[in-house]
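Notes to accompany the following structure.
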Amino acid sequence: MSTLPVVFFLTRKMDFLTNKWVVNLLLCGFLLGVSSTAVENKIYIALNSTFSCVRLLNATHQIGCQSSLSGNVGIVHMLESEENLEFVLSTGRTPPYVVIIESHLFTRSVMLKLKNSTDRVAGVAVVAPSDNPASNFSPHVTCPNENTGLYSETYGPELSHCKVTVWNPDGNGLSYEAFQFPIFLMKDDNDTSRIRQCYAEHNMPVNGSEPQYPLCAMELRSHMSAVLDTPTCMRRSADTFSLSFDKVCDPLGNFNVWASTRPINNTAKGHKMGESVVIAAARIDSHSFFFGIAPGAHSAASGFITLLAAAHALRNATQASQPNRTILYTFFNGETFDYIGSSRMVYDMENQQFAVDLDNIHSVLEVGQVILQNEPRLWLHSDPVSRKNSTVKDEVTKLMDNLRSSATGVGIAMDEPSVSQALPPASLQRFLLSRPIPGVVITDHQSTFTNRFYESMYDNAKYVNVSYPANLTAEQQLQFITDTAKSLADIATIVARTLYKQAGGSDAVASGINADPQMVTRILFSFLVSSNNSWLQEIIPADFNGHLKNEPADLYVGAFQHSIHDSVVMLQHMLANLTGSTVNVTQEDCQNQREDEEDKENKHLYYYMWVQGAVLPNSTTREGFCVRSTARTSRAVSPAMDLLGQYDSRNYSTWTESRWKEIKGRIFLVASHDLEMLTLGVGVGVLLSSLLLTYFLSSKAEVLFSAGREPTNATY
């Protein structure tokens with residue numbers, strides 16, 4: 001806000017500073033402040049819908065992007081092709097530049113050339129595409145989680161570091177580069193049109209000549225507080241002697257979600273005598289280059305939606321004929337960043353801080369990426385090292401036989417990879433790090449990923465063919481059963497039948513278990529299209545309404561700040577609705593985790609949720625009800641960050657996210673450097689003249705203001 005200097009001449013002869021003048025001056029100051037905002041709006045055009053790359057750190061280094069404290073400013077240049085880079089890198093006469101690139105130029109080759117020219121590049125703005133690219137694009141690495149997984153120099157060294165199978169060969173590693181300038185994604189077509197127009201009118205060369213000032217410029221502001229690595233930023237965050245008490249970074253993490261087919265006492269942690277559990281696992285997080293856009297349709301959603309549908313299919317069967325073992329549904333968060341969720345649950349089990357421990361685990365069935373694009377075939381992966389143990393081998397063989405028999409009549413083939421290879425990136429690896437546990441991971445790929453857009457913004461609904469006929473309303477889309485929903489329902493049927501058999505249930509009951517494609521399509525729509533829909537509104541609490549959006553859910557795990565991520569809340573309430581039951585209790589009792597005032601026991605076994613329910617006919621009022629289930633959350637924060645304080649750990653995730661004040665961009669016209677210096681010179685001249693005039697008037701006040709003075713000895 002600009003201010004205006006005001007000089008008062010206070011003398012004994014001029015006592016004019018009355019209350020009236022004070023009020024007038026304050027009013028003038030207020031009007032000047034308002035007018036300065038109006039002037040700012042005339043000078044700058046703010047970008048409305050932008051997403052920025054942010055800074056992440058681990059034990060050894062930092063990745064991501066950032067601007068200077070006051071933001072990076074550069075002349076706008078529209079990059080037409082990679083050959084046109086020479087203008088930005090060397091020949092252009094008005095650096096630094098903010099380079100505007102179309103999505104097809106957002107490649108490793110282009111970005112690394114810009115990265116190595118920070119003296120001429122102030123920032124990059126990527127124009128969001130209207131459609132997915134034809135070519136493959138994955139900003140992730142080629143060997144995900146290679147340093148914190150199962151395989152190392154001491155365990156299956158011949159399989160470590162993707163020596164046998166490179167899982168993500170299309171990974172260009174852009175998400176793991178460190179850029180010293182901001183990189184924004186622009187999704188608003190109006191913003192893009194304004195920038196193009198500004199560039200065409202002011203920056204476009206005419207007949208090969210350099211454009212004349214004023215030029216179109218852009219400011220990108222995304223200053224990150226953390227630097228170097230996690231040990232440094234965590235130390236600075238804990239430094240109570242710092243002049244600023246603000247934290248500079250937070251550990252990545254949020255919450256896992258879990259439920260069981262029979263109630264388990266969650267208050268009494270640790271080993272449960274006589275309890276044997278079959279873990280059904282899936283990851284629930286994803287990532288992309290830009291903060292706030294992580295749809296993860298193929299990489300994460302396909303797996304956890306399949307497991308949700310399987311849990312729903314098992315509800316009636318397990319209630320009517322409970323098998324000998326308990327099925328424990330586990331949805332792990334933060335798996336993208338060195339298995340945060342699964343490593344925390346294993347750590348809690350090892351230290352008697354979870355409802356069961358590792359001795360209670362019978363076997364593990366994990367659902368990975370399961371989008372059937374080319375043929376109806378799934379691949380069953382297991383760990384070749386632990387299978388050298390005959391007991392593990394026999395149980396893994398039995399689990400695979402159950403999967404094959406459960407697929408009978410479904411029309412999906414179940415095969416094992418033809419060569420001995422490592423497990424793909426999976427939560428099962430963290431369990432096997434602790435001890436040999438029988439386990440199988442189901443995926444749609446035999447070796448390398450079939451996912452062309454792994455951990456990118458293009459891994460969206462359209463990519464997995466969640467699309468709808470034209471002219472359908474949102475409510476009709478919610479109910480429309482897509483081919484993808486049918487496919488995932490078939491896979492969920494196989495998973496549900498297998499889990500029932502693996503838990504000791506009979507083949508006769510298992511053969512009658514079928515997943516509901518209608519339910520699958522609702523879940524797909526809620527996560528990949530819009531969470532603001534009638535079905536989800538019915539099964540959430542009223543205070544969560546404001547979090548529902550007409551856009552895909554963001555599956556990025558985020559920084560741990562004790563609040564549950566929106567996608568986790570959605571998943572927990574879905575799991576409760578799909579596996580739990582309605583109980584006739586008051587809202588007060590429900591929210592107090594009891595069924596009546598005398599109930600002291602059920603809170604240890606169940607979790608109660610009061611949801612808002614459906615809208616009553618011919619009314620706007622909803623009829624709420626209480627859901628009783630075993631669906632709970634547990635912390636998904638790395639033990640190294642949350643419990644051990646080992647910020648340089650090599651065994652657990654050490655990823656943190658920098659804090660920032662604001663992320664914004666704007667465009668404006670900038671004058672030439674000569675004109676700016678002339679303006680500054682004139683301003684300094686006016687200031688000096690004002691000071692001289694003020695000194696002259698002050699020194700001659702007795703003379704200048706004595707004309708109307710009355711004699712001191714005047715009488716009346």
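Lettering and numbering for the structure tokens are positional, with chains as A, B, ... in the shown order, residues counted from 1 in each chain, and ligands counted from 1 in the shown order.
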
Long-range neighbours of Met204 of chain A as a ChimeraX atom specification, 12 Å cut-off, only C-alpha atoms, 4 positions minimum in chain: /A:75-79,195-200,208-216

With the cut-off set at 9 Å and counting only C-alpha atoms, tabulate each residue of segment 445-549 of chain A with an atom at most that distance from an atom of segment 415-434 of chain A, showing the nearest atom pair and its distance in Å to one decimal, ordered by chain and increasing number, as JSON lines.
{"residue": "A:Gln446", "atom": "CA", "partner": "A:Pro417", "partner_atom": "CA", "distance": 5.5}
{"residue": "A:Ser447", "atom": "CA", "partner": "A:Pro417", "partner_atom": "CA", "distance": 7.4}
{"residue": "A:Thr448", "atom": "CA", "partner": "A:Pro424", "partner_atom": "CA", "distance": 8.8}

- request: Would you kindly return, as JSON, numbers by chain, each protein, DNA or RNA residue with an atom no farther than 6 Å from any atom of segment 639-648 of chain A, considering only C-alpha atoms and excluding same-chain residues fewer than 2 positions away?
  value: {"A": [59, 231, 344, 652, 654]}

Sorted by chain and rising residue number, list the residues of segment 143-177 of chain A at most 10 Å from segment 104-110 of chain A (counting only C-alpha atoms), each with its closest atom pair and distance in Å to one decimal, as a Markdown table.
| residue | atom | partner | partner_atom | distance |
| --- | --- | --- | --- | --- |
| A:Gly171 | CA | A:Arg108 | CA | 9.9 |
| A:Asn172 | CA | A:Arg108 | CA | 6.3 |
| A:Gly173 | CA | A:Arg108 | CA | 7.8 |
| A:Leu174 | CA | A:Arg108 | CA | 6.3 |
| A:Glu177 | CA | A:Arg108 | CA | 9.7 |

field: Selection near segment 488-500 of chain A, 6 Å with only C-alpha atoms, sequence-local residues under 5 positions removed, as a ChimeraX atom specification
entry: /A:306,309-310,402-403,406-407,505,510,514-515,517

For N, CA and C atoms, I'd like the residues from the last selection saved as a short mmCIF file (atom, residue, chain, number, x, y, z; two decimals), in the first residue's frame.
data_model
loop_
_atom_site.label_atom_id
_atom_site.label_comp_id
_atom_site.auth_asym_id
_atom_site.auth_seq_id
_atom_site.Cartn_x
_atom_site.Cartn_y
_atom_site.Cartn_z
N THR A 306 -10.78 -51.19 -6.52
CA THR A 306 -11.02 -52.64 -6.60
C THR A 306 -11.13 -53.26 -5.22
N ALA A 309 -14.44 -52.34 -3.58
CA ALA A 309 -15.53 -53.14 -4.15
C ALA A 309 -15.49 -54.58 -3.63
N ALA A 310 -14.29 -55.13 -3.45
CA ALA A 310 -14.16 -56.47 -2.90
C ALA A 310 -14.64 -56.52 -1.46
N ASN A 402 -5.77 -70.24 -5.26
CA ASN A 402 -7.06 -69.64 -4.92
C ASN A 402 -7.44 -68.53 -5.89
N LEU A 403 -6.44 -67.76 -6.31
CA LEU A 403 -6.71 -66.69 -7.28
C LEU A 403 -7.15 -67.28 -8.62
N SER A 406 -10.64 -68.73 -8.33
CA SER A 406 -11.65 -67.69 -8.15
C SER A 406 -11.95 -66.97 -9.45
N ALA A 407 -11.01 -67.03 -10.40
CA ALA A 407 -11.22 -66.38 -11.69
C ALA A 407 -12.04 -67.22 -12.66
N GLY A 505 -12.67 -69.75 4.35
CA GLY A 505 -14.06 -69.95 3.96
C GLY A 505 -14.21 -71.04 2.91
N ALA A 510 -17.79 -69.01 -1.46
CA ALA A 510 -16.96 -68.09 -2.24
C ALA A 510 -17.46 -67.95 -3.67
N ASN A 514 -20.00 -61.87 -5.54
CA ASN A 514 -19.84 -61.07 -6.75
C ASN A 514 -19.82 -59.59 -6.40
N ALA A 515 -18.89 -58.86 -6.99
CA ALA A 515 -18.81 -57.41 -6.78
C ALA A 515 -19.88 -56.70 -7.61
N PRO A 517 -20.93 -53.81 -10.01
CA PRO A 517 -20.39 -52.78 -10.91
C PRO A 517 -21.04 -51.41 -10.70
#

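With distances restricted to only C-alpha atoms, A:Arg635 is the closest residue to Ser343 of chain A from A:Lys603, A:His362, A:Arg635, A:Lys42.
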
- request: May I have the residues within 12 Å of Gly665 of chain A as a PyMOL selection string, using only C-alpha atoms and disregarding those fewer than 5 positions away in the same chain?
  value: chain A and resi 44-52+67+70-74+98+123-125+182-186+191+195+217-223

- line: Expressed in Å, the length from atom CA of Leu605 of chain A to atom CA of Lys269 of chain A is 12.0 Å
